[in-house]
Structure formats: C-alpha cells, structure tokens
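One file, input_15.txt, is given below (compact mmCIF, C-alpha atoms).
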```
# COMPACT_ATOMS: atom_id res chain seq x y z
CA MET N 7 -29.70 71.68 65.76
CA PHE N 8 -26.54 70.27 67.35
CA GLN N 9 -23.34 72.22 66.68
CA GLY N 10 -20.12 71.09 68.30
CA PHE N 11 -18.21 67.90 69.03
CA LEU N 12 -19.02 64.42 70.32
CA ASN N 13 -16.32 62.45 72.15
CA LEU N 14 -17.32 58.96 70.98
CA ASN N 15 -15.95 55.70 72.37
CA LYS N 16 -15.80 53.64 69.18
CA PRO N 17 -16.84 50.02 69.60
CA PHE N 18 -14.85 47.02 68.34
CA GLY N 19 -15.69 45.94 64.81
CA TRP N 20 -17.12 49.27 63.68
CA THR N 21 -15.45 51.42 61.04
CA SER N 22 -15.17 55.15 61.65
CA HIS N 23 -17.62 55.60 58.77
CA ASP N 24 -20.09 53.25 60.51
CA CYS N 25 -19.92 55.47 63.59
CA VAL N 26 -20.50 58.64 61.61
CA ALA N 27 -23.51 57.07 59.88
CA ARG N 28 -24.98 55.96 63.23
CA VAL N 29 -24.49 59.38 64.82
CA ARG N 30 -26.01 61.05 61.78
CA LYS N 31 -29.10 58.85 62.14
CA LEU N 32 -29.41 59.28 65.91
CA LEU N 33 -29.10 63.06 65.76
CA HIS N 34 -31.04 63.48 62.49
CA LEU N 35 -28.11 65.53 61.26
CA LYS N 36 -26.63 65.57 57.76
CA ARG N 37 -23.32 67.24 58.50
CA VAL N 38 -21.26 64.84 60.61
CA GLY N 39 -17.54 64.11 60.34
CA HIS N 40 -14.75 62.53 62.36
CA ALA N 41 -11.17 63.45 63.29
CA GLY N 42 -8.70 60.65 62.71
CA THR N 43 -9.75 57.24 61.42
CA LEU N 44 -9.71 54.28 63.81
CA ASP N 45 -9.37 50.75 62.41
CA PRO N 46 -12.41 48.48 62.92
CA ALA N 47 -10.45 46.31 65.39
CA ALA N 48 -9.48 49.36 67.48
CA THR N 49 -11.63 50.93 70.17
CA GLY N 50 -11.58 54.23 72.00
CA VAL N 51 -11.70 57.93 71.33
CA LEU N 52 -13.15 59.00 67.99
CA PRO N 53 -13.86 62.77 67.97
CA ILE N 54 -16.92 63.53 65.87
CA ALA N 55 -17.92 66.97 64.63
CA LEU N 56 -21.57 67.95 64.38
CA GLY N 57 -23.12 70.49 62.05
CA LYS N 58 -20.98 73.52 61.24
CA ALA N 59 -18.27 72.18 63.55
CA THR N 60 -17.20 69.86 60.71
CA ARG N 61 -15.41 72.92 59.30
CA LEU N 62 -13.38 73.16 62.52
CA LEU N 63 -11.94 69.61 62.40
CA GLN N 64 -8.73 70.86 60.78
CA TYR N 65 -8.03 73.12 63.76
CA LEU N 66 -8.18 70.43 66.46
CA PRO N 67 -4.82 69.47 68.02
CA GLY N 68 -3.13 66.51 66.36
CA GLU N 69 -1.69 64.69 69.39
CA LYS N 70 -2.95 61.19 70.13
CA ALA N 71 -2.37 58.49 72.75
CA TYR N 72 -2.95 54.74 72.70
CA LYS N 73 -2.80 51.62 74.79
CA ALA N 74 -1.58 48.79 72.58
CA THR N 75 -0.77 45.10 72.87
CA VAL N 76 1.99 43.76 70.60
CA ARG N 77 2.27 40.01 69.99
CA LEU N 78 5.77 38.86 69.04
CA GLY N 79 6.63 35.83 66.94
CA VAL N 80 3.82 36.49 64.45
CA ARG N 81 3.60 38.47 61.20
CA THR N 82 0.33 39.13 59.38
CA THR N 83 -0.76 40.72 56.11
CA THR N 84 -2.52 43.60 57.90
CA ASP N 85 -0.01 44.02 60.76
CA ASP N 86 -2.77 43.10 63.23
CA LEU N 87 -4.69 39.95 64.14
CA GLN N 88 -7.37 40.66 61.53
CA GLY N 89 -5.07 39.62 58.69
CA GLU N 90 -3.72 36.33 57.41
CA ILE N 91 -0.66 34.94 59.16
CA ILE N 92 2.51 35.26 57.08
CA THR N 93 4.92 33.70 59.57
CA SER N 94 4.50 32.20 63.03
CA GLN N 95 7.59 31.20 65.00
CA PRO N 96 7.74 30.74 68.80
CA CYS N 97 10.33 32.99 70.49
CA THR N 98 10.56 31.72 74.06
CA GLY N 99 14.13 32.98 74.49
CA LEU N 100 13.15 36.62 74.15
CA ASN N 101 13.47 38.72 77.30
CA LEU N 102 12.11 42.11 78.36
CA ALA N 103 15.56 43.76 78.41
CA GLU N 104 15.96 43.06 74.67
CA VAL N 105 12.49 44.40 74.00
CA LYS N 106 13.16 47.62 75.95
CA THR N 107 16.33 48.26 73.97
CA ALA N 108 14.58 47.70 70.65
CA LEU N 109 11.55 49.78 71.64
CA SER N 110 13.70 52.83 72.38
CA GLN N 111 14.38 53.12 68.63
CA PHE N 112 10.76 54.13 68.06
CA GLU N 113 10.74 57.31 70.15
CA GLY N 114 11.27 60.74 68.59
CA LYS N 115 10.89 61.55 64.90
CA ILE N 116 11.00 58.30 62.96
CA GLU N 117 10.44 57.20 59.38
CA GLN N 118 7.52 54.83 59.03
CA ILE N 119 6.01 52.82 56.19
CA PRO N 120 2.23 52.63 56.77
CA PRO N 121 0.55 49.20 56.57
CA ILE N 122 -0.51 48.14 53.09
CA TYR N 123 -4.03 47.81 54.51
CA SER N 124 -4.56 51.46 55.41
CA ALA N 125 -6.68 54.40 54.31
CA ILE N 126 -3.77 56.30 52.76
CA GLN N 127 -4.35 57.26 49.13
CA VAL N 128 -1.87 56.47 46.36
CA GLU N 129 -2.76 58.00 42.99
CA GLY N 130 -6.29 58.62 44.21
CA LYS N 131 -6.94 55.09 45.50
CA ARG N 132 -7.01 53.77 49.06
CA LEU N 133 -4.20 51.38 49.90
CA TYR N 134 -6.60 48.84 51.42
CA ASP N 135 -8.62 48.76 48.18
CA LEU N 136 -5.47 48.12 46.15
CA ALA N 137 -4.32 45.44 48.60
CA ARG N 138 -7.68 43.65 48.43
CA GLN N 139 -7.40 43.65 44.64
CA GLY N 140 -4.01 41.98 44.93
CA GLN N 141 -2.16 44.96 43.52
CA THR N 142 1.37 45.63 44.73
CA VAL N 143 2.17 49.32 45.18
CA GLU N 144 5.03 51.20 46.75
CA VAL N 145 3.82 52.63 50.03
CA PRO N 146 5.30 56.09 50.60
CA VAL N 147 7.53 56.51 53.66
CA ARG N 148 6.38 59.20 56.07
CA THR N 149 8.02 60.95 59.00
CA VAL N 150 6.00 60.73 62.21
CA GLU N 151 6.72 61.69 65.81
CA VAL N 152 6.42 59.43 68.84
CA PHE N 153 6.65 61.49 72.02
CA HIS N 154 6.81 58.68 74.54
CA ILE N 155 6.45 54.89 74.88
CA GLU N 156 5.87 53.33 78.28
CA ILE N 157 5.90 49.57 78.92
CA LEU N 158 2.84 48.58 80.95
CA ASP N 159 3.12 44.80 81.04
CA TRP N 160 5.14 41.88 79.64
CA ARG N 161 3.81 38.33 79.33
CA GLU N 162 6.27 35.57 78.48
CA GLY N 163 5.43 32.50 76.42
CA ASP N 164 5.84 31.01 72.97
CA PHE N 165 4.35 34.20 71.57
CA PRO N 166 5.07 36.85 74.24
CA GLU N 167 2.89 39.93 74.48
CA LEU N 168 3.84 43.47 75.37
CA ASP N 169 1.40 46.13 76.60
CA VAL N 170 2.52 49.70 75.93
CA ALA N 171 1.19 53.24 76.26
CA ILE N 172 2.14 55.40 73.27
CA ALA N 173 1.83 59.18 72.92
CA CYS N 174 2.38 60.39 69.37
CA GLY N 175 1.60 62.92 66.69
CA GLY N 176 -1.05 62.56 64.01
CA GLY N 177 -0.50 60.10 61.19
CA THR N 178 1.37 57.55 63.32
CA TYR N 179 0.40 53.93 62.71
CA ILE N 180 0.64 51.78 65.84
CA ARG N 181 0.33 48.68 63.67
CA ALA N 182 3.51 49.73 61.90
CA ILE N 183 5.33 50.12 65.23
CA ALA N 184 4.27 46.57 66.20
CA ARG N 185 5.44 45.22 62.84
CA ASP N 186 8.74 47.11 62.91
CA LEU N 187 9.48 46.17 66.52
CA GLY N 188 9.17 42.53 65.49
CA ALA N 189 11.54 43.19 62.60
CA VAL N 190 14.16 44.77 64.87
CA LEU N 191 13.91 41.81 67.26
CA GLN N 192 13.98 39.40 64.28
CA THR N 193 10.93 37.61 65.68
CA GLY N 194 8.09 39.16 63.73
CA GLY N 195 5.44 41.23 65.44
CA THR N 196 1.82 42.22 65.03
CA LEU N 197 -0.76 44.35 66.84
CA ALA N 198 -3.03 42.24 69.05
CA ALA N 199 -5.21 44.98 70.56
CA LEU N 200 -5.52 48.77 70.41
CA THR N 201 -7.44 51.40 72.36
CA ARG N 202 -7.08 55.09 71.63
CA THR N 203 -7.08 56.85 74.99
CA GLN N 204 -6.72 60.42 73.73
CA SER N 205 -7.23 62.18 70.41
CA SER N 206 -7.39 65.81 69.38
CA GLY N 207 -7.90 67.02 72.94
CA PHE N 208 -10.57 64.44 73.83
CA TYR N 209 -10.02 61.70 76.44
CA LEU N 210 -11.36 58.19 76.91
CA ALA N 211 -12.51 58.90 80.47
CA ASN N 212 -15.00 61.50 79.17
CA SER N 213 -16.17 59.60 76.08
CA LEU N 214 -19.65 58.27 75.33
CA THR N 215 -20.56 54.91 73.85
CA LEU N 216 -23.22 54.82 71.16
CA ASN N 217 -25.65 53.31 73.69
CA GLU N 218 -24.93 56.10 76.18
CA LEU N 219 -25.42 58.70 73.46
CA GLU N 220 -28.76 57.16 72.51
CA THR N 221 -29.88 57.16 76.15
CA GLN N 222 -28.90 60.80 76.62
CA LEU N 223 -30.80 61.76 73.48
CA GLN N 224 -33.90 59.94 74.71
CA VAL N 225 -33.90 61.83 78.02
CA GLU N 226 -32.76 65.05 76.29
CA THR N 227 -29.57 65.49 78.33
CA PHE N 228 -27.00 65.26 75.52
CA GLN N 229 -24.89 68.38 75.13
CA PRO N 230 -22.08 68.43 72.56
CA THR N 231 -18.71 69.88 73.45
CA THR N 232 -18.68 73.48 72.26
CA PRO N 233 -16.06 74.63 69.74
CA ASP N 234 -14.87 77.11 72.37
CA VAL N 235 -13.87 74.20 74.64
CA ALA N 236 -12.53 71.93 71.90
CA LEU N 237 -10.22 74.65 70.54
CA GLN N 238 -8.78 75.86 73.85
CA HIS N 239 -5.26 75.01 72.67
CA LEU N 240 -5.46 78.02 70.32
CA PRO N 241 -4.83 81.57 71.60
CA SER N 242 -7.85 83.87 71.58
CA ILE N 243 -8.52 87.42 70.47
CA GLN N 244 -11.45 89.64 71.46
CA LEU N 245 -12.77 92.22 69.01
CA PRO N 246 -14.97 95.24 69.70
CA THR N 247 -18.44 94.94 68.19
CA THR N 248 -17.79 97.15 65.15
CA SER N 249 -14.60 95.28 64.20
CA ALA N 250 -16.24 91.92 64.92
CA GLN N 251 -19.09 92.69 62.51
CA LYS N 252 -16.63 93.63 59.79
CA TRP N 253 -14.55 90.50 60.45
CA CYS N 254 -17.67 88.30 60.17
CA GLN N 255 -18.35 89.89 56.79
CA GLY N 256 -14.95 88.71 55.56
CA GLN N 257 -12.99 91.92 56.11
CA ARG N 258 -9.41 91.95 57.36
CA ILE N 259 -8.92 93.76 60.64
CA PRO N 260 -5.70 95.67 61.53
CA LEU N 261 -4.61 94.37 64.93
CA ASN N 262 -1.47 94.83 66.97
CA PHE N 263 -1.18 91.62 69.00
CA ASP N 264 1.76 89.65 70.35
CA VAL N 265 0.53 86.31 68.95
CA TYR N 266 0.77 85.15 65.35
CA GLY N 267 -0.85 82.30 63.47
CA ILE N 268 -4.23 80.62 63.97
CA VAL N 269 -6.42 82.11 66.74
CA ARG N 270 -9.94 81.89 68.16
CA VAL N 271 -11.91 85.08 67.56
CA TYR N 272 -14.50 86.49 69.98
CA GLU N 273 -16.83 89.45 70.41
CA ASP N 274 -16.96 89.70 74.19
CA THR N 275 -17.61 86.03 75.19
CA HIS N 276 -19.28 85.15 71.87
CA PHE N 277 -17.19 82.74 69.78
CA LEU N 278 -17.14 83.99 66.21
CA GLY N 279 -14.76 81.59 64.49
CA ILE N 280 -11.14 81.09 63.46
CA GLY N 281 -8.78 83.74 62.20
CA LYS N 282 -5.16 84.01 61.16
CA LEU N 283 -3.02 86.82 62.54
CA GLN N 284 -0.33 87.77 60.07
CA ASP N 285 1.66 91.00 59.75
CA GLU N 286 -0.64 92.67 62.31
CA ILE N 287 -3.71 91.83 60.21
CA LEU N 288 -6.46 89.48 61.43
CA ILE N 289 -7.65 87.45 58.43
CA PRO N 290 -10.92 85.45 58.58
CA GLN N 291 -10.40 81.72 58.08
CA MET N 292 -13.75 80.31 59.21
CA VAL N 293 -16.73 82.28 60.52
CA PHE N 294 -18.61 79.89 62.80
CA GLU N 295 -21.27 82.08 64.40
CA PRO N 296 -21.59 85.64 63.06
CA ILE N 297 -23.08 88.44 65.14
CA SER N 298 -26.85 88.59 64.62
```

Would you encode the structure as structure tokens?
Amino acid sequence: MFQGFLNLNKPFGWTSHDCVARVRKLLHLKRVGHAGTLDPAATGVLPIALGKATRLLQYLPGEKAYKATVRLGVRTTTDDLQGEIITSQPCTGLNLAEVKTALSQFEGKIEQIPPIYSAIQVEGKRLYDLARQGQTVEVPVRTVEVFHIEILDWREGDFPELDVAIACGGGTYIRAIARDLGAVLQTGGTLAALTRTQSSGFYLANSLTLNELETQLQVETFQPTTPDVALQHLPSIQLPTTSAQKWCQGQRIPLNFDVYGIVRVYEDTHFLGIGKLQDEILIPQMVFEPIS
C-alpha cells in the first residue's frame, strides 16, 4: 500500500477533487487527500497525500509560488476569464511604470477579500455555491502575506497583459490580486492564466502529470515522496528504543531539547511521526509508523 505524497501537476479544467478521485482510482487507495485547492482553470503543483500521510497534510509548509497572467481593462464575476464579463474598457494609455507602482502595494501583509466564487465557507456553505444560487453574502476580509512579486513580462495593447511571479503564504488568492490591481489602476483587472510553481515544499520541476503517474504505475516504478522528505522543514528528535515505544503508545516523554514546537520523531533512522515539544515534554501528535 502506498504511504506518502504525490507531487501532481494538475491539468487545466480539472478540479482538485477530480484529481483526488483519479489518483484514488489509479492507486486503488481509499485514503487520498490534497494540500491546497487549485481552481479548475489553474495548472501546476497539487500535493496529494496517500494513505496514512493524509494525517500529515496539516504539517506541510504553507508557502506557495505562482506564475500568473493579469489582463487589465476587464472585470469578471469570478475574477478570472471563466466568469461573465462585468466591464470591458480598453486602456491603451497605461504604461508599465504605473503598473509597477500599483503592484508594490500588494507585497507584505495585506488585507484581501477572497473572490465570491471560492471554496471558503460562510455559515457552513461554500461561497461558490451561494454565488451560483444568486445569493449575496458578505465575504470576510482576511490577512494574507505576499513575500515577493516579480514582473516577468508586459504586453501593451487595448487590454494589456502582465506576467508576474508571486511568492506568498497560504490562503492568498491570486485572482483577488488581479482584481485589486485593476481597481488600484482604475482599469479593471482579471486573472488570465495561473500556474502554481511551488506548494508545501513541492516544485513544478519535479511534478508528475496524471499520464506520467499512470505510466509509472504500469511499469511499477512509482515511488511516493516519503513523509520524512516532505517534512524536512521541521526539526527532528531521535528517541532511544524504550522511550520511542512508550511515545508510540501515546505516552509523554520528558526531554531536554533546545527546540520547541512541532517536531519529527525518530527511533534511529525510523520515522515514527509528529510530536510537540513543550515545557521539556515530548507530546505525541500523530504516530505514523509505530515500532513493530
């Protein structure tokens, strides 16, 4: 049985749920989950957890990176080209210097209103379900962090397009940045294309398409990324065998260590799971592979 992570390159037009269902069928595995929803129109890195690794999704790093194309002069209902056009006004007088100045406002910690067509829940219901029903709801403002925005290309025209690379924290909506950039420039703006190049420690260069995954399964060469590799951003602690056995049984282990918080726990080189070091006590959080 597969236990670990798959770095999937999500195809255009597929929902994240579609990808999970396909992987579940290909691997004949019931327990499959993903880290960080990607819109159907977006492509790129979609980390998928297999088997018991689904319980480790919450411990993956939250940083993400994207390559996005913003089209100016257009506003849509979904803040991308999949929605209905609200306004369309040519803006041939716009120049790159103005865009650079406006774009700088979106770096750092910013307040953002997610798109009304998004998976966020309000009173137990998804925003996109409410929007499709024609219901108007107040979308809660959230604070997100954008670490860096780099301009990659600028194409002039009636509806100029801007290619950018964006590094950000979890929960950031690139569609909202496109929409809000258009608002600052007073031209309107929408997301024309999006590829996630990095997510939760996984990178596009090392990702697999669904076709590549299927081929590897047929020739029996597919190997998931182990939890040990996926969680390398966390500090690690090694326990002697006696303490490790007690820890796997749910006992708290006294431990004098110079790191606090969430840690990987090992017995020798054997990954046992995730613990929390607090007040010199190692507390079990998730036992992945107990000692046999």

**Report entry** Near-Ala184 of chain N list (12 Å; all atoms listed in the file; drop same-chain fewer than 2 positions) as number ranges by chain
**Finding:** N: 74-82, 84-87, 105, 108-109, 112, 118-121, 167-170, 172, 178-182, 186-191, 193-200

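Across N:Gln222, N:Leu100, N:Ser205, N:Gly114, the tightest approach to Phe165 of chain N is made by N:Leu100 when counting only C-alpha atoms.
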
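Proximity to Pro17 of chain N was assessed for N:Ser242, N:Leu56, N:Thr215, N:Gly176 counting only C-alpha atoms; the smallest distance is recorded for N:Thr215.
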
**Report entry** Residue among N:Gln88, N:Thr201, N:Gln255, N:Gln291 lying closest to Val269 of chain N, counting all atoms listed in the file
**Finding:**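 Of N:Gln88, N:Thr201, N:Gln255, N:Gln291, the one nearest Val269 of chain N is N:Gln291, counting all atoms listed in the file.
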
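Shortest atom-to-atom contact with Pro296 of chain N among N:Val271, N:Leu283, N:Ile92, N:Cys97: N:Val271, counting all atoms listed in the file.
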
Report task. Quick one: everything within 9 Å of Asp45 of chain N, counting all atoms listed in the file, minus sequence neighbours fewer than 2 positions away in the same chain. Send it as a ChimeraX atom specification. Result -> /N:18-22,43,47-49,124

Would you compute the box with edges along x, y and z of the file around segment 191-194 of chain N, including every atom the file lists for it and 4 Å extra on each side, and give its centre and edge lengths in Å to one decimal, as JSON?
```
{"center_x": 11.0, "center_y": 39.7, "center_z": 65.5, "size_x": 13.9, "size_y": 12.2, "size_z": 11.5}
```

Requested in this report: Between atom CA of Phe8 of chain N and atom CA of Pro230 of chain N, measure the distance and give it in Å to one decimal.
Outcome: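 Rounded to one decimal, the two atoms are 7.1 Å apart.
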
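Among the candidate residues N:Glu117, N:Asp274, N:Val51, N:Gln95, the one lying nearest to Ala211 of chain N is N:Val51, with distances computed using only C-alpha atoms.
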
Query - d(atom CA of Thr231 of chain N, atom CA of Phe11 of chain N) in Å - result: 4.9 Å

Report task. Counting all atoms listed in the file, figure out which residue out of N:Gln9, N:Asn15, N:Thr93, N:Thr98 gets nearest to Ser213 of chain N. Result ->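 Looking only at the distances to Ser213 of chain N, the closest residue turns out to be N:Asn15.
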
Using all atoms listed in the file, can you list as a PDB file with C-alpha atoms, keeping the file's coordinate frame the residues within 9 Å of (-1.2, 62.3, 69.5)?
```
ATOM      1  CA  PRO N  67      -4.820  69.470  68.020  1.00  0.00           C
ATOM      2  CA  GLY N  68      -3.130  66.510  66.360  1.00  0.00           C
ATOM      3  CA  GLU N  69      -1.690  64.690  69.390  1.00  0.00           C
ATOM      4  CA  LYS N  70      -2.950  61.190  70.130  1.00  0.00           C
ATOM      5  CA  ALA N  71      -2.370  58.490  72.750  1.00  0.00           C
ATOM      6  CA  TYR N  72      -2.950  54.740  72.700  1.00  0.00           C
ATOM      7  CA  GLU N 151       6.720  61.690  65.810  1.00  0.00           C
ATOM      8  CA  VAL N 152       6.420  59.430  68.840  1.00  0.00           C
ATOM      9  CA  PHE N 153       6.650  61.490  72.020  1.00  0.00           C
ATOM     10  CA  ILE N 172       2.140  55.400  73.270  1.00  0.00           C
ATOM     11  CA  ALA N 173       1.830  59.180  72.920  1.00  0.00           C
ATOM     12  CA  CYS N 174       2.380  60.390  69.370  1.00  0.00           C
ATOM     13  CA  GLY N 175       1.600  62.920  66.690  1.00  0.00           C
ATOM     14  CA  GLY N 176      -1.050  62.560  64.010  1.00  0.00           C
ATOM     15  CA  GLY N 177      -0.500  60.100  61.190  1.00  0.00           C
ATOM     16  CA  THR N 178       1.370  57.550  63.320  1.00  0.00           C
ATOM     17  CA  GLN N 204      -6.720  60.420  73.730  1.00  0.00           C
ATOM     18  CA  SER N 205      -7.230  62.180  70.410  1.00  0.00           C
ATOM     19  CA  SER N 206      -7.390  65.810  69.380  1.00  0.00           C
ATOM     20  CA  GLY N 207      -7.900  67.020  72.940  1.00  0.00           C
TER      21      GLY N 207
END
```

Query raised in the report: In Å, how far is it from atom CA of Glu113 of chain N to atom CA of Val147 of chain N?
Result: 16.8 Å

Query raised in the report: Around (-15.2, 86.6, 70.7) in the file's frame, which residues reach within 12 Å when counting only C-alpha atoms? Return as JSON, numbers by chain?
Result: {"N": [234, 241, 242, 243, 244, 245, 246, 247, 249, 250, 251, 253, 254, 269, 270, 271, 272, 273, 274, 275, 276, 277, 278, 279, 280, 281, 293, 294, 295, 296, 297]}

May I have the residues from that selection written out with C-alpha atoms, as a short mmCIF file (atom, residue, chain, number, x, y, z; two decimals), in the coordinates of the input?
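Final output, part_20.cif:
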```cif
data_model
loop_
_atom_site.label_atom_id
_atom_site.label_comp_id
_atom_site.auth_asym_id
_atom_site.auth_seq_id
_atom_site.Cartn_x
_atom_site.Cartn_y
_atom_site.Cartn_z
CA ASP N 234 -14.87 77.11 72.37
CA PRO N 241 -4.83 81.57 71.60
CA SER N 242 -7.85 83.87 71.58
CA ILE N 243 -8.52 87.42 70.47
CA GLN N 244 -11.45 89.64 71.46
CA LEU N 245 -12.77 92.22 69.01
CA PRO N 246 -14.97 95.24 69.70
CA THR N 247 -18.44 94.94 68.19
CA SER N 249 -14.60 95.28 64.20
CA ALA N 250 -16.24 91.92 64.92
CA GLN N 251 -19.09 92.69 62.51
CA TRP N 253 -14.55 90.50 60.45
CA CYS N 254 -17.67 88.30 60.17
CA VAL N 269 -6.42 82.11 66.74
CA ARG N 270 -9.94 81.89 68.16
CA VAL N 271 -11.91 85.08 67.56
CA TYR N 272 -14.50 86.49 69.98
CA GLU N 273 -16.83 89.45 70.41
CA ASP N 274 -16.96 89.70 74.19
CA THR N 275 -17.61 86.03 75.19
CA HIS N 276 -19.28 85.15 71.87
CA PHE N 277 -17.19 82.74 69.78
CA LEU N 278 -17.14 83.99 66.21
CA GLY N 279 -14.76 81.59 64.49
CA ILE N 280 -11.14 81.09 63.46
CA GLY N 281 -8.78 83.74 62.20
CA VAL N 293 -16.73 82.28 60.52
CA PHE N 294 -18.61 79.89 62.80
CA GLU N 295 -21.27 82.08 64.40
CA PRO N 296 -21.59 85.64 63.06
CA ILE N 297 -23.08 88.44 65.14
#
```

Please complete segment 153-162 of chain N so it has all heavy atoms, and hand it over as a tab-separated table (two decimals), in the frame of the given file.
```
chain	number	residue	atom	x	y	z
N	153	PHE	N	6.17	60.70	70.89
N	153	PHE	CA	6.65	61.49	72.02
N	153	PHE	C	7.15	60.61	73.16
N	153	PHE	O	8.16	60.92	73.81
N	153	PHE	CB	5.54	62.41	72.53
N	153	PHE	CG	4.94	63.29	71.46
N	153	PHE	CD1	3.58	63.22	71.18
N	153	PHE	CD2	5.72	64.15	70.71
N	153	PHE	CE1	3.01	64.02	70.20
N	153	PHE	CE2	5.17	64.95	69.73
N	153	PHE	CZ	3.82	64.88	69.47
N	154	HIS	N	6.45	59.50	73.39
N	154	HIS	CA	6.81	58.68	74.54
N	154	HIS	C	6.20	57.29	74.40
N	154	HIS	O	5.08	57.14	73.92
N	154	HIS	CB	6.30	59.33	75.84
N	154	HIS	CG	6.65	58.58	77.08
N	154	HIS	ND1	7.94	58.40	77.52
N	154	HIS	CD2	5.86	57.93	77.99
N	154	HIS	CE1	7.94	57.70	78.63
N	154	HIS	NE2	6.70	57.40	78.94
N	155	ILE	N	6.96	56.26	74.80
N	155	ILE	CA	6.45	54.89	74.88
N	155	ILE	C	6.74	54.36	76.28
N	155	ILE	O	7.88	54.40	76.73
N	155	ILE	CB	7.09	53.97	73.83
N	155	ILE	CG1	6.87	54.50	72.41
N	155	ILE	CG2	6.50	52.55	73.95
N	155	ILE	CD1	7.50	53.64	71.33
N	156	GLU	N	5.71	53.89	76.94
N	156	GLU	CA	5.87	53.33	78.28
N	156	GLU	C	5.43	51.87	78.28
N	156	GLU	O	4.33	51.54	77.79
N	156	GLU	CB	5.02	54.11	79.29
N	156	GLU	CG	5.08	53.56	80.71
N	156	GLU	CD	4.11	54.24	81.65
N	156	GLU	OE1	3.41	55.17	81.20
N	156	GLU	OE2	4.04	53.84	82.83
N	157	ILE	N	6.27	50.98	78.80
N	157	ILE	CA	5.90	49.57	78.92
N	157	ILE	C	4.99	49.39	80.13
N	157	ILE	O	5.33	49.78	81.24
N	157	ILE	CB	7.16	48.69	79.06
N	157	ILE	CG1	7.99	48.77	77.77
N	157	ILE	CG2	6.78	47.24	79.35
N	157	ILE	CD1	9.29	48.01	77.82
N	158	LEU	N	3.82	48.79	79.89
N	158	LEU	CA	2.84	48.58	80.95
N	158	LEU	C	2.87	47.15	81.49
N	158	LEU	O	2.67	46.93	82.68
N	158	LEU	CB	1.43	48.90	80.43
N	158	LEU	CG	1.20	50.31	79.89
N	158	LEU	CD1	-0.20	50.43	79.32
N	158	LEU	CD2	1.44	51.36	80.97
N	159	ASP	N	3.12	46.20	80.60
N	159	ASP	CA	3.12	44.80	81.04
N	159	ASP	C	3.87	43.95	80.01
N	159	ASP	O	3.97	44.32	78.83
N	159	ASP	CB	1.68	44.29	81.20
N	159	ASP	CG	1.59	42.99	81.99
N	159	ASP	OD1	2.59	42.65	82.66
N	159	ASP	OD2	0.54	42.33	81.93
N	160	TRP	N	4.40	42.82	80.48
N	160	TRP	CA	5.14	41.88	79.64
N	160	TRP	C	4.75	40.47	80.04
N	160	TRP	O	4.85	40.10	81.19
N	160	TRP	CB	6.64	42.11	79.81
N	160	TRP	CG	7.54	41.01	79.27
N	160	TRP	CD1	8.26	40.12	80.00
N	160	TRP	CD2	7.81	40.73	77.90
N	160	TRP	NE1	8.97	39.29	79.17
N	160	TRP	CE2	8.72	39.64	77.86
N	160	TRP	CE3	7.37	41.28	76.69
N	160	TRP	CZ2	9.20	39.10	76.68
N	160	TRP	CZ3	7.85	40.74	75.51
N	160	TRP	CH2	8.75	39.68	75.50
N	161	ARG	N	4.25	39.70	79.06
N	161	ARG	CA	3.81	38.33	79.33
N	161	ARG	C	4.64	37.37	78.49
N	161	ARG	O	4.57	37.39	77.25
N	161	ARG	CB	2.31	38.19	79.02
N	161	ARG	CG	1.44	39.02	79.95
N	161	ARG	CD	-0.04	38.89	79.61
N	161	ARG	NE	-0.36	39.53	78.32
N	161	ARG	CZ	-0.56	40.83	78.15
N	161	ARG	NH1	-0.43	41.66	79.18
N	161	ARG	NH2	-0.86	41.32	76.97
N	162	GLU	N	5.41	36.53	79.17
N	162	GLU	CA	6.27	35.57	78.48
N	162	GLU	C	5.45	34.41	77.93
N	162	GLU	O	4.31	34.20	78.31
N	162	GLU	CB	7.36	35.06	79.43
N	162	GLU	CG	8.32	36.14	79.90
N	162	GLU	CD	9.39	35.59	80.82
N	162	GLU	OE1	9.22	34.43	81.29
N	162	GLU	OE2	10.39	36.29	81.07
```
